[in-house]
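The next block is data16.cif, given as mmCIF, C-alpha atoms.
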data_start
loop_
_atom_site.label_atom_id
_atom_site.label_comp_id
_atom_site.auth_asym_id
_atom_site.auth_seq_id
_atom_site.Cartn_x
_atom_site.Cartn_y
_atom_site.Cartn_z
CA MET Y 1 0.00 0.00 0.00
CA TYR Y 2 1.28 3.46 -0.91
CA ALA Y 3 1.05 6.27 1.63
CA SER Y 4 2.71 9.63 2.22
CA LYS Y 5 3.03 12.15 5.01
CA GLN Y 6 4.53 15.59 5.47
CA TRP Y 7 5.88 17.23 8.60
CA LYS Y 8 6.96 20.81 9.25
CA MET Y 9 9.91 20.36 11.58
CA MET Y 10 13.56 21.35 12.00
CA GLY Y 11 12.89 24.60 10.17
CA THR Y 12 11.93 22.79 6.97
CA LEU Y 13 9.38 20.50 5.30
CA ILE Y 14 9.92 16.76 5.56
CA ASP Y 15 8.20 14.49 3.04
CA LEU Y 16 7.95 10.71 3.37
CA TRP Y 17 6.50 8.24 0.86
CA ILE Y 18 6.32 4.50 1.60
CA ASP Y 19 5.10 1.27 0.02
CA SER Y 20 4.33 -1.26 2.76
CA ASP Y 21 1.88 -4.00 3.70
CA LEU Y 22 1.89 -2.83 7.31
CA TYR Y 23 -0.41 -0.25 8.84
CA CYS Y 24 1.04 3.00 7.52
CA GLU Y 25 -0.30 5.24 10.28
CA GLU Y 26 1.65 3.20 12.82
CA ILE Y 27 4.79 3.61 10.70
CA PHE Y 28 4.22 7.36 10.49
CA LYS Y 29 3.69 7.52 14.26
CA ASN Y 30 7.04 5.84 14.88
CA ILE Y 31 8.78 8.09 12.35
CA THR Y 32 7.27 11.16 14.04
CA GLU Y 33 8.66 10.02 17.38
CA GLY Y 34 12.07 9.53 15.78
CA LEU Y 35 12.00 13.01 14.26
CA VAL Y 36 11.03 14.61 17.58
CA LEU Y 37 13.81 12.75 19.40
CA SER Y 38 16.38 13.71 16.75
CA ASN Y 39 15.34 17.37 16.93
CA GLN Y 40 15.69 17.33 20.70
CA ARG Y 41 19.18 15.88 20.31
CA PHE Y 42 20.74 17.77 17.40
CA SER Y 43 18.93 21.11 17.00
CA ALA Y 44 21.02 24.29 17.10
CA ASN Y 45 17.86 26.42 17.22
CA GLN Y 46 16.06 24.77 20.14
CA SER Y 47 17.39 26.11 23.43
CA ASN Y 48 16.71 22.92 25.40
CA SER Y 49 18.16 20.47 22.86
CA GLU Y 50 21.02 18.25 23.95
CA LEU Y 51 23.37 20.05 21.57
CA MET Y 52 22.41 23.48 22.91
CA GLN Y 53 22.83 22.30 26.50
CA LEU Y 54 26.37 21.32 25.51
CA ASN Y 55 26.96 24.70 23.85
CA GLN Y 56 25.75 26.51 26.98
CA GLN Y 57 28.62 24.92 28.94
CA ALA Y 58 31.31 26.23 26.58
CA GLY Y 59 34.37 27.38 28.51
CA ARG Y 60 33.00 25.87 31.73
CA ARG Y 61 33.14 22.09 31.80
CA PRO Y 62 33.00 18.88 29.74
CA VAL Y 63 29.49 17.55 29.12
CA LYS Y 64 28.53 13.88 28.84
CA VAL Y 65 26.38 13.39 25.75
CA SER Y 66 24.45 10.58 24.08
CA ALA Y 67 26.34 8.12 21.89
CA ASP Y 68 24.63 9.44 18.72
CA LEU Y 69 25.58 13.04 19.44
CA PHE Y 70 29.14 12.12 20.42
CA SER Y 71 29.73 10.10 17.25
CA LEU Y 72 28.33 12.84 14.99
CA ILE Y 73 30.45 15.53 16.68
CA ALA Y 74 33.53 13.31 16.39
CA LEU Y 75 32.87 12.70 12.70
CA GLY Y 76 32.18 16.39 12.11
CA LYS Y 77 35.40 17.43 13.85
CA LYS Y 78 37.41 14.93 11.81
CA HIS Y 79 36.08 16.25 8.50
CA SER Y 80 36.31 19.88 9.63
CA LEU Y 81 40.05 19.50 10.33
CA ALA Y 82 40.75 17.46 7.18
CA GLN Y 83 42.41 19.16 4.23
CA PRO Y 84 40.98 20.52 2.07
CA SER Y 85 37.65 21.16 3.77
CA GLN Y 86 35.17 24.01 3.92
CA LEU Y 87 33.20 22.20 6.64
CA ASN Y 88 33.43 23.64 10.15
CA ILE Y 89 31.11 22.36 12.88
CA ALA Y 90 32.30 25.12 15.24
CA ILE Y 91 30.74 27.76 12.99
CA GLY Y 92 27.72 28.31 15.27
CA PRO Y 93 28.70 31.81 16.52
CA LEU Y 94 29.19 33.05 12.95
CA VAL Y 95 25.84 31.63 11.80
CA LYS Y 96 24.10 33.40 14.66
CA LEU Y 97 25.94 36.62 13.88
CA TRP Y 98 24.65 36.77 10.29
CA ARG Y 99 21.20 35.16 10.88
CA ILE Y 100 20.82 34.51 7.15
CA GLY Y 101 17.47 32.86 6.49
CA PHE Y 102 15.81 34.79 9.31
CA LYS Y 103 14.17 38.22 9.23
CA GLU Y 104 16.94 39.63 11.47
CA ALA Y 105 19.64 38.87 8.85
CA LYS Y 106 22.34 41.54 8.75
CA VAL Y 107 25.90 42.26 7.67
CA PRO Y 108 27.98 42.18 10.87
CA SER Y 109 30.46 44.91 11.66
CA PRO Y 110 34.19 44.22 11.12
CA ASN Y 111 34.66 44.24 14.89
CA GLU Y 112 31.90 41.65 15.42
CA ILE Y 113 33.54 39.35 12.88
CA PHE Y 114 37.00 39.94 14.39
CA LEU Y 115 35.74 38.89 17.83
CA THR Y 116 33.92 35.85 16.45
CA LEU Y 117 36.62 34.24 14.30
CA PRO Y 118 38.72 32.88 17.23
CA LEU Y 119 35.66 30.91 18.41
CA LEU Y 120 35.53 28.87 15.20
CA ASN Y 121 38.56 26.65 15.82
CA CYS Y 122 37.58 22.97 15.86
CA GLU Y 123 40.82 22.12 17.65
CA HIS Y 124 39.10 23.57 20.73
CA ILE Y 125 36.47 20.81 20.66
CA VAL Y 126 37.92 18.29 23.10
CA LEU Y 127 36.49 14.76 22.92
CA ASN Y 128 36.85 12.08 25.59
CA GLU Y 129 35.70 8.82 24.03
CA ALA Y 130 36.03 6.81 27.22
CA GLU Y 131 33.80 9.21 29.15
CA GLN Y 132 31.65 10.19 26.13
CA THR Y 133 32.18 13.86 27.00
CA VAL Y 134 32.61 16.94 24.83
CA PHE Y 135 34.34 20.10 26.06
CA LEU Y 136 34.25 23.40 24.19
CA THR Y 137 37.28 25.06 25.72
CA GLN Y 138 36.45 28.67 24.80
CA LYS Y 139 33.49 30.57 26.22
CA GLY Y 140 31.16 31.59 23.41
CA MET Y 141 31.90 28.57 21.21
CA GLU Y 142 28.92 26.79 19.65
CA ILE Y 143 28.75 23.61 17.63
CA ASP Y 144 26.30 23.73 14.71
CA LEU Y 145 25.88 20.30 13.13
CA GLY Y 146 23.55 21.80 10.52
CA ALA Y 147 23.30 19.67 7.41
CA LEU Y 148 25.27 16.80 8.96
CA ALA Y 149 22.42 16.23 11.39
CA LYS Y 150 19.93 16.15 8.51
CA GLY Y 151 21.97 13.48 6.76
CA TYR Y 152 22.34 11.46 9.95
CA ILE Y 153 18.59 11.64 10.61
CA ALA Y 154 17.66 10.68 7.04
CA ASP Y 155 19.93 7.62 7.21
CA TYR Y 156 18.48 6.66 10.59
CA LEU Y 157 14.91 6.89 9.28
CA ILE Y 158 15.54 4.88 6.14
CA ALA Y 159 17.21 2.18 8.27
CA GLN Y 160 13.98 1.91 10.29
CA LEU Y 161 11.90 1.65 7.11
CA LYS Y 162 13.95 -0.91 5.18
CA PRO Y 163 12.74 -4.01 7.10
CA ILE Y 164 9.06 -3.06 6.79
CA CYS Y 165 8.76 -1.31 3.39
CA ARG Y 166 9.24 -2.45 -0.18
CA SER Y 167 10.08 1.13 -1.11
CA ALA Y 168 10.58 4.43 0.69
CA MET Y 169 11.47 7.99 -0.23
CA ILE Y 170 12.52 10.72 2.20
CA ASN Y 171 12.91 14.37 1.28
CA LEU Y 172 14.25 16.09 4.37
CA GLY Y 173 14.44 19.73 3.37
CA GLY Y 174 16.13 18.95 0.06
CA ASN Y 175 18.02 15.96 1.41
CA PHE Y 176 16.71 13.19 -0.87
CA LEU Y 177 17.09 9.50 0.01
CA VAL Y 178 15.41 6.49 -1.62
CA TYR Y 179 15.19 2.78 -0.93
CA GLY Y 180 13.74 0.05 -3.10
CA PRO Y 181 12.14 0.31 -6.54
CA ASN Y 182 10.04 3.23 -7.70
CA PRO Y 183 6.69 1.56 -8.55
CA LYS Y 184 5.79 4.40 -10.89
CA ARG Y 185 8.72 3.63 -13.20
CA ALA Y 186 9.24 0.47 -15.27
CA ASN Y 187 12.96 0.41 -14.46
CA GLY Y 188 12.30 0.99 -10.76
CA HIS Y 189 14.61 3.99 -10.65
CA TRP Y 190 13.97 7.39 -9.13
CA TYR Y 191 14.57 10.76 -10.77
CA VAL Y 192 15.74 13.94 -9.06
CA GLY Y 193 15.64 17.38 -10.64
CA ILE Y 194 18.79 19.52 -10.50
CA GLN Y 195 17.78 23.10 -9.76
CA ASP Y 196 18.73 25.85 -12.18
CA PRO Y 197 20.52 28.32 -9.86
CA LYS Y 198 19.38 31.27 -11.96
CA LYS Y 199 15.66 30.44 -11.86
CA LYS Y 200 12.90 29.94 -9.32
CA ARG Y 201 12.47 26.63 -7.52
CA HIS Y 202 11.38 23.63 -9.62
CA HIS Y 203 13.09 24.94 -12.77
CA HIS Y 204 15.67 22.26 -13.58
CA LEU Y 205 18.86 22.20 -15.63
CA GLY Y 206 18.64 18.42 -15.81
CA ILE Y 207 17.59 15.18 -14.13
CA LEU Y 208 19.58 12.59 -12.16
CA GLU Y 209 18.60 8.92 -12.19
CA VAL Y 210 19.25 7.17 -8.86
CA ALA Y 211 18.55 3.85 -7.14
CA ASN Y 212 19.03 3.12 -3.40
CA GLN Y 213 20.98 6.36 -3.06
CA SER Y 214 20.89 9.80 -1.53
CA VAL Y 215 21.13 13.11 -3.39
CA VAL Y 216 22.06 16.33 -1.58
CA THR Y 217 22.65 19.78 -3.07
CA SER Y 218 24.29 22.80 -1.49
CA GLY Y 219 23.92 26.11 -3.30
CA ILE Y 220 23.98 29.87 -2.98
CA TYR Y 221 20.43 30.40 -4.30
CA GLU Y 222 18.27 28.96 -1.48
CA ARG Y 223 18.98 31.22 1.50
CA PHE Y 224 20.29 34.73 1.07
CA PHE Y 225 19.48 38.39 1.58
CA THR Y 226 20.33 41.50 -0.41
CA LEU Y 227 21.67 44.78 0.99
CA ASN Y 228 22.70 47.75 -1.15
CA ASP Y 229 22.41 45.61 -4.28
CA LYS Y 230 24.83 42.99 -2.91
CA ARG Y 231 23.62 39.45 -2.28
CA TYR Y 232 24.85 37.57 0.79
CA HIS Y 233 24.26 33.79 0.75
CA HIS Y 234 24.19 31.47 3.77
CA ILE Y 235 27.31 29.35 3.14
CA LEU Y 236 29.83 31.06 5.40
CA ASP Y 237 33.64 30.92 5.34
CA ALA Y 238 35.05 30.31 8.83
CA ARG Y 239 38.37 31.84 7.74
CA THR Y 240 37.03 35.23 6.63
CA GLY Y 241 33.72 35.47 8.50
CA PHE Y 242 31.87 36.26 5.25
CA PRO Y 243 29.91 34.16 2.73
CA ILE Y 244 32.23 31.93 0.69
CA GLU Y 245 33.35 33.50 -2.58
CA SER Y 246 33.44 30.87 -5.29
CA ASP Y 247 32.84 30.08 -8.94
CA MET Y 248 30.40 27.42 -7.74
CA ALA Y 249 26.69 28.16 -7.71
CA SER Y 250 25.87 24.67 -6.41
CA ILE Y 251 27.30 21.24 -5.78
CA THR Y 252 25.26 18.03 -5.75
CA ILE Y 253 26.60 14.83 -4.21
CA VAL Y 254 25.22 11.34 -4.84
CA ALA Y 255 26.18 8.52 -2.46
CA ASN Y 256 24.69 5.46 -0.78
CA ASP Y 257 23.98 7.34 2.44
CA SER Y 258 22.85 10.86 3.19
CA LEU Y 259 25.49 11.67 5.77
CA ALA Y 260 28.26 11.08 3.24
CA CYS Y 261 26.44 13.43 0.85
CA GLU Y 262 26.22 16.15 3.50
CA ILE Y 263 29.89 15.78 4.45
CA TRP Y 264 31.13 16.14 0.90
CA THR Y 265 28.81 18.96 -0.18
CA SER Y 266 30.07 20.86 2.87
CA ARG Y 267 33.73 19.97 2.41
CA LEU Y 268 33.89 20.68 -1.32
CA PHE Y 269 31.66 23.74 -1.79
CA GLY Y 270 33.86 26.73 -2.48
CA LEU Y 271 36.96 24.86 -3.65
CA GLU Y 272 38.29 25.41 -7.15
CA ILE Y 273 36.02 23.39 -9.42
CA HIS Y 274 38.83 21.32 -10.93
CA GLU Y 275 40.13 20.50 -7.44
CA ALA Y 276 36.69 19.39 -6.25
CA LEU Y 277 36.29 17.16 -9.31
CA GLN Y 278 39.71 15.59 -8.74
CA ILE Y 279 38.75 14.76 -5.16
CA LEU Y 280 35.44 13.26 -6.28
CA GLU Y 281 37.22 10.96 -8.72
CA GLN Y 282 39.20 9.51 -5.80
CA LEU Y 283 36.21 8.89 -3.49
CA PRO Y 284 34.73 5.38 -3.79
CA GLY Y 285 30.95 5.39 -3.92
CA VAL Y 286 30.70 9.19 -4.06
CA GLU Y 287 29.82 11.13 -7.22
CA GLY Y 288 29.19 14.80 -7.85
CA LEU Y 289 27.69 17.44 -10.11
CA ILE Y 290 28.85 21.06 -9.97
CA ILE Y 291 27.17 24.08 -11.55
CA ASP Y 292 29.23 27.25 -11.91
CA LEU Y 293 28.05 30.85 -11.88
CA SER Y 294 27.44 30.79 -15.64
CA ASN Y 295 25.34 27.58 -15.35
CA GLN Y 296 28.02 25.31 -16.85
CA VAL Y 297 27.58 21.75 -15.54
CA TYR Y 298 30.55 19.59 -14.49
CA LEU Y 299 30.12 15.87 -13.69
CA SER Y 300 32.30 13.27 -12.03
CA SER Y 301 32.89 10.36 -14.41
CA GLY Y 302 30.70 7.87 -12.54
CA LEU Y 303 27.68 10.18 -12.70
CA GLN Y 304 27.80 10.98 -16.41
CA PRO Y 305 25.61 8.03 -17.55
CA PHE Y 306 22.89 9.02 -15.07
CA TYR Y 307 22.50 12.73 -15.84
CA TYR Y 308 19.98 13.89 -18.43
CA PRO Y 309 20.28 17.59 -19.31
CA ASN Y 310 17.25 19.60 -20.33
CA ILE Y 311 18.01 20.33 -23.97
#

As a first step, turn the structure in this file into structure tokens.
Amino acid sequence: MYASKQWKMMGTLIDLWIDSDLYCEEIFKNITEGLVLSNQRFSANQSNSELMQLNQQAGRRPVKVSADLFSLIALGKKHSLAQPSQLNIAIGPLVKLWRIGFKEAKVPSPNEIFLTLPLLNCEHIVLNEAEQTVFLTQKGMEIDLGALAKGYIADYLIAQLKPICRSAMINLGGNFLVYGPNPKRANGHWYVGIQDPKKKRHHHLGILEVANQSVVTSGIYERFFTLNDKRYHHILDARTGFPIESDMASITIVANDSLACEIWTSRLFGLEIHEALQILEQLPGVEGLIIDLSNQVYLSSGLQPFYYPNI
């Protein structure tokens, strides 16, 4: 039986479609409980979440956290310190300074940025695996797991659905993950539109064909504000304190799990395009599509047979 449900949660819309012989409302109830629990654990916008309780102890003491939160912070720190990487899970203070995506969005003063930059050093996230504690050594530090949490949650949900569904599709705020055959297509594959960065939502440059994979896009066109004819997008550079300046308009990653997609969209966005493509060619099970500011499309070799441009 086919059934679908939508939630407004985590600051976005979450869509779920399933094909199962079980009672779908019971499945949706369990998924709702999982979403609520995940939000209480990982949210950087909910003051009483486990993550925010950790952030509130910055510069004071180590905090014992759940195994899920510890492992995601540890993974995020590892990829934030890797080279090259534009990911930085300690970017919370800078995100709150700009507030891009909220009505209070502003361009911070040079002094505000100067005072914030020292708080963005992931080396100051001290992990004790034996005790399962996290210590932010500088007062004012804040971890923001952002998209990594979305990927982690999407993977967790699909793992719950696999044993009880023939097929499932999750769209968690643009984080797309599918399992099983698409019953509406003879080949069983799923198709994901690649947004044209220069046009309104749902105008596509092309289509990706995927099966049992996740697709995640990071781009400069979704969240931004304009001041004095200058556009400021939401992907911030922890080295400068300003939005990343890049020839990329968007990067899309395709992989077997959503967390891997989120890691590599975050790590690679803003690198030189040729460098990002070289890295993609060396990553097993990870493919990518990059669109530059003039709407030129670049594909990793493994993705080329599965991309259909709108001609």

Query - atom CA of Y:Asn256 to atom CA of Y:Phe224, straight-line distance in Å - result: 29.7 Å

Please put the answer as JSON: centre and edge lengths, in Å with one decimal, of a box along x, y and z that encloses all listed atoms of stretch 245-261 of chain Y plus 8 Å on each side.
{"center_x": 28.1, "center_y": 19.5, "center_z": -1.6, "size_x": 26.6, "size_y": 44.0, "size_z": 30.7}

Contacts of stretch 169-195 of chain Y with stretch 140-160 of chain Y up to 12 Å, shortest pair per row, all atoms listed in the file, as a tab-separated table:
residue	atom	partner	partner_atom	distance
Y:Met169	CA	Y:Ile158	CA	8.2
Y:Ile170	CA	Y:Ala154	CA	7.1
Y:Asn171	CA	Y:Ala154	CA	8.3
Y:Leu172	CA	Y:Ala154	CA	6.9
Y:Gly173	CA	Y:Lys150	CA	8.3
Y:Gly174	CA	Y:Lys150	CA	9.7
Y:Asn175	CA	Y:Gly151	CA	7.1
Y:Phe176	CA	Y:Ala154	CA	8.4
Y:Leu177	CA	Y:Ala154	CA	7.2
Y:Val178	CA	Y:Ile158	CA	7.9
Y:Tyr179	CA	Y:Ile158	CA	7.4
Y:Gly180	CA	Y:Ile158	CA	10.6

Hey, can you spit out that residue selection with C-alpha atoms as a short mmCIF file (atom, residue, chain, number, x, y, z; two decimals), keeping the file's coordinate frame?
data_model
loop_
_atom_site.label_atom_id
_atom_site.label_comp_id
_atom_site.auth_asym_id
_atom_site.auth_seq_id
_atom_site.Cartn_x
_atom_site.Cartn_y
_atom_site.Cartn_z
CA MET Y 169 11.47 7.99 -0.23
CA ILE Y 170 12.52 10.72 2.20
CA ASN Y 171 12.91 14.37 1.28
CA LEU Y 172 14.25 16.09 4.37
CA GLY Y 173 14.44 19.73 3.37
CA GLY Y 174 16.13 18.95 0.06
CA ASN Y 175 18.02 15.96 1.41
CA PHE Y 176 16.71 13.19 -0.87
CA LEU Y 177 17.09 9.50 0.01
CA VAL Y 178 15.41 6.49 -1.62
CA TYR Y 179 15.19 2.78 -0.93
CA GLY Y 180 13.74 0.05 -3.10
#

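Our summary of the geometry notes that atom CA of Y:Gln213 is positioned 27.6 Å from atom CA of Y:Ser246.
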
Report summary line: Judged by only C-alpha atoms, the minimum distance to Y:Pro197 among Y:Gln40, Y:Ser250, Y:Ser300, Y:Ser214 is found for Y:Ser250

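Atom CA of Y:Leu136 sits 22.8 Å away from atom CA of Y:Asn111.
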
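Shortest atom-to-atom contact with Y:Glu112 among Y:Thr226, Y:Lys5, Y:Gln46, Y:Gly241: Y:Gly241, counting only C-alpha atoms.
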
When the PyMOL selection byres ((chain Y and resi 120) around 10) is applied to the structure above, which residues does it catch, written out as a PDB file with C-alpha atoms, keeping the file's coordinate frame?
ATOM      1  CA  ASN Y  88      33.430  23.640  10.150  1.00  0.00           C
ATOM      2  CA  ILE Y  89      31.110  22.360  12.880  1.00  0.00           C
ATOM      3  CA  ALA Y  90      32.300  25.120  15.240  1.00  0.00           C
ATOM      4  CA  ILE Y  91      30.740  27.760  12.990  1.00  0.00           C
ATOM      5  CA  GLY Y  92      27.720  28.310  15.270  1.00  0.00           C
ATOM      6  CA  PRO Y  93      28.700  31.810  16.520  1.00  0.00           C
ATOM      7  CA  LEU Y  94      29.190  33.050  12.950  1.00  0.00           C
ATOM      8  CA  THR Y 116      33.920  35.850  16.450  1.00  0.00           C
ATOM      9  CA  LEU Y 117      36.620  34.240  14.300  1.00  0.00           C
ATOM     10  CA  PRO Y 118      38.720  32.880  17.230  1.00  0.00           C
ATOM     11  CA  LEU Y 119      35.660  30.910  18.410  1.00  0.00           C
ATOM     12  CA  ASN Y 121      38.560  26.650  15.820  1.00  0.00           C
ATOM     13  CA  CYS Y 122      37.580  22.970  15.860  1.00  0.00           C
ATOM     14  CA  GLU Y 123      40.820  22.120  17.650  1.00  0.00           C
ATOM     15  CA  HIS Y 124      39.100  23.570  20.730  1.00  0.00           C
ATOM     16  CA  ILE Y 125      36.470  20.810  20.660  1.00  0.00           C
ATOM     17  CA  GLN Y 138      36.450  28.670  24.800  1.00  0.00           C
ATOM     18  CA  GLY Y 140      31.160  31.590  23.410  1.00  0.00           C
ATOM     19  CA  MET Y 141      31.900  28.570  21.210  1.00  0.00           C
ATOM     20  CA  GLU Y 142      28.920  26.790  19.650  1.00  0.00           C
ATOM     21  CA  ILE Y 143      28.750  23.610  17.630  1.00  0.00           C
ATOM     22  CA  ALA Y 238      35.050  30.310   8.830  1.00  0.00           C
ATOM     23  CA  ARG Y 239      38.370  31.840   7.740  1.00  0.00           C
ATOM     24  CA  GLY Y 241      33.720  35.470   8.500  1.00  0.00           C
TER      25      GLY Y 241
END

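Proximity ranking of Y:Pro243, Y:Gly11, Y:Gly302, Y:Gly59 relative to Y:Leu289 places Y:Gly302 first, based on only C-alpha atoms.
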
Query raised in the report: the PyMOL selection byres ((chain Y and resi 130) around 12) on the file shown: which residues, as a list in words?
Result: Lys64, Val65, Ala67, Phe70, Leu127, Asn128, Glu129, Glu131, Gln132, Thr133 and Val134 of chain Y

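Residues in contact range of Y:Leu51, defined as at most 8 Å between only C-alpha atoms, with sequence neighbours fewer than 2 positions away removed, read Y:Arg41, Y:Phe42, Y:Ser43, Y:Ala44, Y:Ser49, Y:Gln53, Y:Leu54, Y:Asn55, Y:Leu69, Y:Ile143.
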
Which residues of stretch 21-112 of chain Y come within 12 Å of stretch 269-272 of chain Y, and what is each one's closest atom pair and distance in Å (one decimal), counting all atoms listed in the file, sorted by chain and residue number, as JSON lines?
{"residue": "Y:Gln83", "atom": "CA", "partner": "Y:Leu271", "partner_atom": "CA", "distance": 11.1}
{"residue": "Y:Pro84", "atom": "CA", "partner": "Y:Leu271", "partner_atom": "CA", "distance": 8.2}
{"residue": "Y:Ser85", "atom": "CA", "partner": "Y:Leu271", "partner_atom": "CA", "distance": 8.3}
{"residue": "Y:Gln86", "atom": "CA", "partner": "Y:Phe269", "partner_atom": "CA", "distance": 6.7}
{"residue": "Y:Leu87", "atom": "CA", "partner": "Y:Phe269", "partner_atom": "CA", "distance": 8.7}

**Report entry** Explicit residues for the PyMOL selection byres ((chain Y and resi 165-168) around 10) (as a PyMOL selection string)
**Finding:** chain Y and resi 1-4+16-22+24+27+157-158+160-164+169-170+177-183+188+212

Considering all atoms listed in the file, return as a compact mmCIF listing (two decimals) with C-alpha atoms, in the coordinates of the input whatever protein or nucleic-acid residues lie within 12 Å of Y:Ser301, sequence-local ones (same chain, fewer than 2 positions apart) excluded.
# COMPACT_ATOMS: atom_id res chain seq x y z
CA LEU Y 277 36.29 17.16 -9.31
CA GLN Y 278 39.71 15.59 -8.74
CA ILE Y 279 38.75 14.76 -5.16
CA LEU Y 280 35.44 13.26 -6.28
CA GLU Y 281 37.22 10.96 -8.72
CA GLN Y 282 39.20 9.51 -5.80
CA LEU Y 283 36.21 8.89 -3.49
CA PRO Y 284 34.73 5.38 -3.79
CA GLY Y 285 30.95 5.39 -3.92
CA VAL Y 286 30.70 9.19 -4.06
CA GLU Y 287 29.82 11.13 -7.22
CA GLY Y 288 29.19 14.80 -7.85
CA LEU Y 289 27.69 17.44 -10.11
CA TYR Y 298 30.55 19.59 -14.49
CA LEU Y 299 30.12 15.87 -13.69
CA LEU Y 303 27.68 10.18 -12.70
CA GLN Y 304 27.80 10.98 -16.41
CA PRO Y 305 25.61 8.03 -17.55
CA PHE Y 306 22.89 9.02 -15.07
CA TYR Y 307 22.50 12.73 -15.84

Report task. Using all atoms listed in the file, find the one residue out of Y:Ser38, Y:Gln57, Y:Ser218, Y:Asn45 that sits nearest to Y:Trp264. Result -> Y:Ser218

Which residues come within 9 Å of Y:Arg223, counting only C-alpha atoms, excluding same-chain residues fewer than 5 positions away, as an mmCIF file with C-alpha atoms, keeping the file's coordinate frame?
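Contents of the output file out06.cif:
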data_model
loop_
_atom_site.group_PDB
_atom_site.id
_atom_site.type_symbol
_atom_site.label_atom_id
_atom_site.label_comp_id
_atom_site.auth_asym_id
_atom_site.auth_seq_id
_atom_site.Cartn_x
_atom_site.Cartn_y
_atom_site.Cartn_z
ATOM 1 C CA ILE Y 100 20.820 34.510 7.150
ATOM 2 C CA GLY Y 101 17.470 32.860 6.490
ATOM 3 C CA TYR Y 232 24.850 37.570 0.790
ATOM 4 C CA HIS Y 233 24.260 33.790 0.750
ATOM 5 C CA HIS Y 234 24.190 31.470 3.770
ATOM 6 C CA ILE Y 235 27.310 29.350 3.140
#
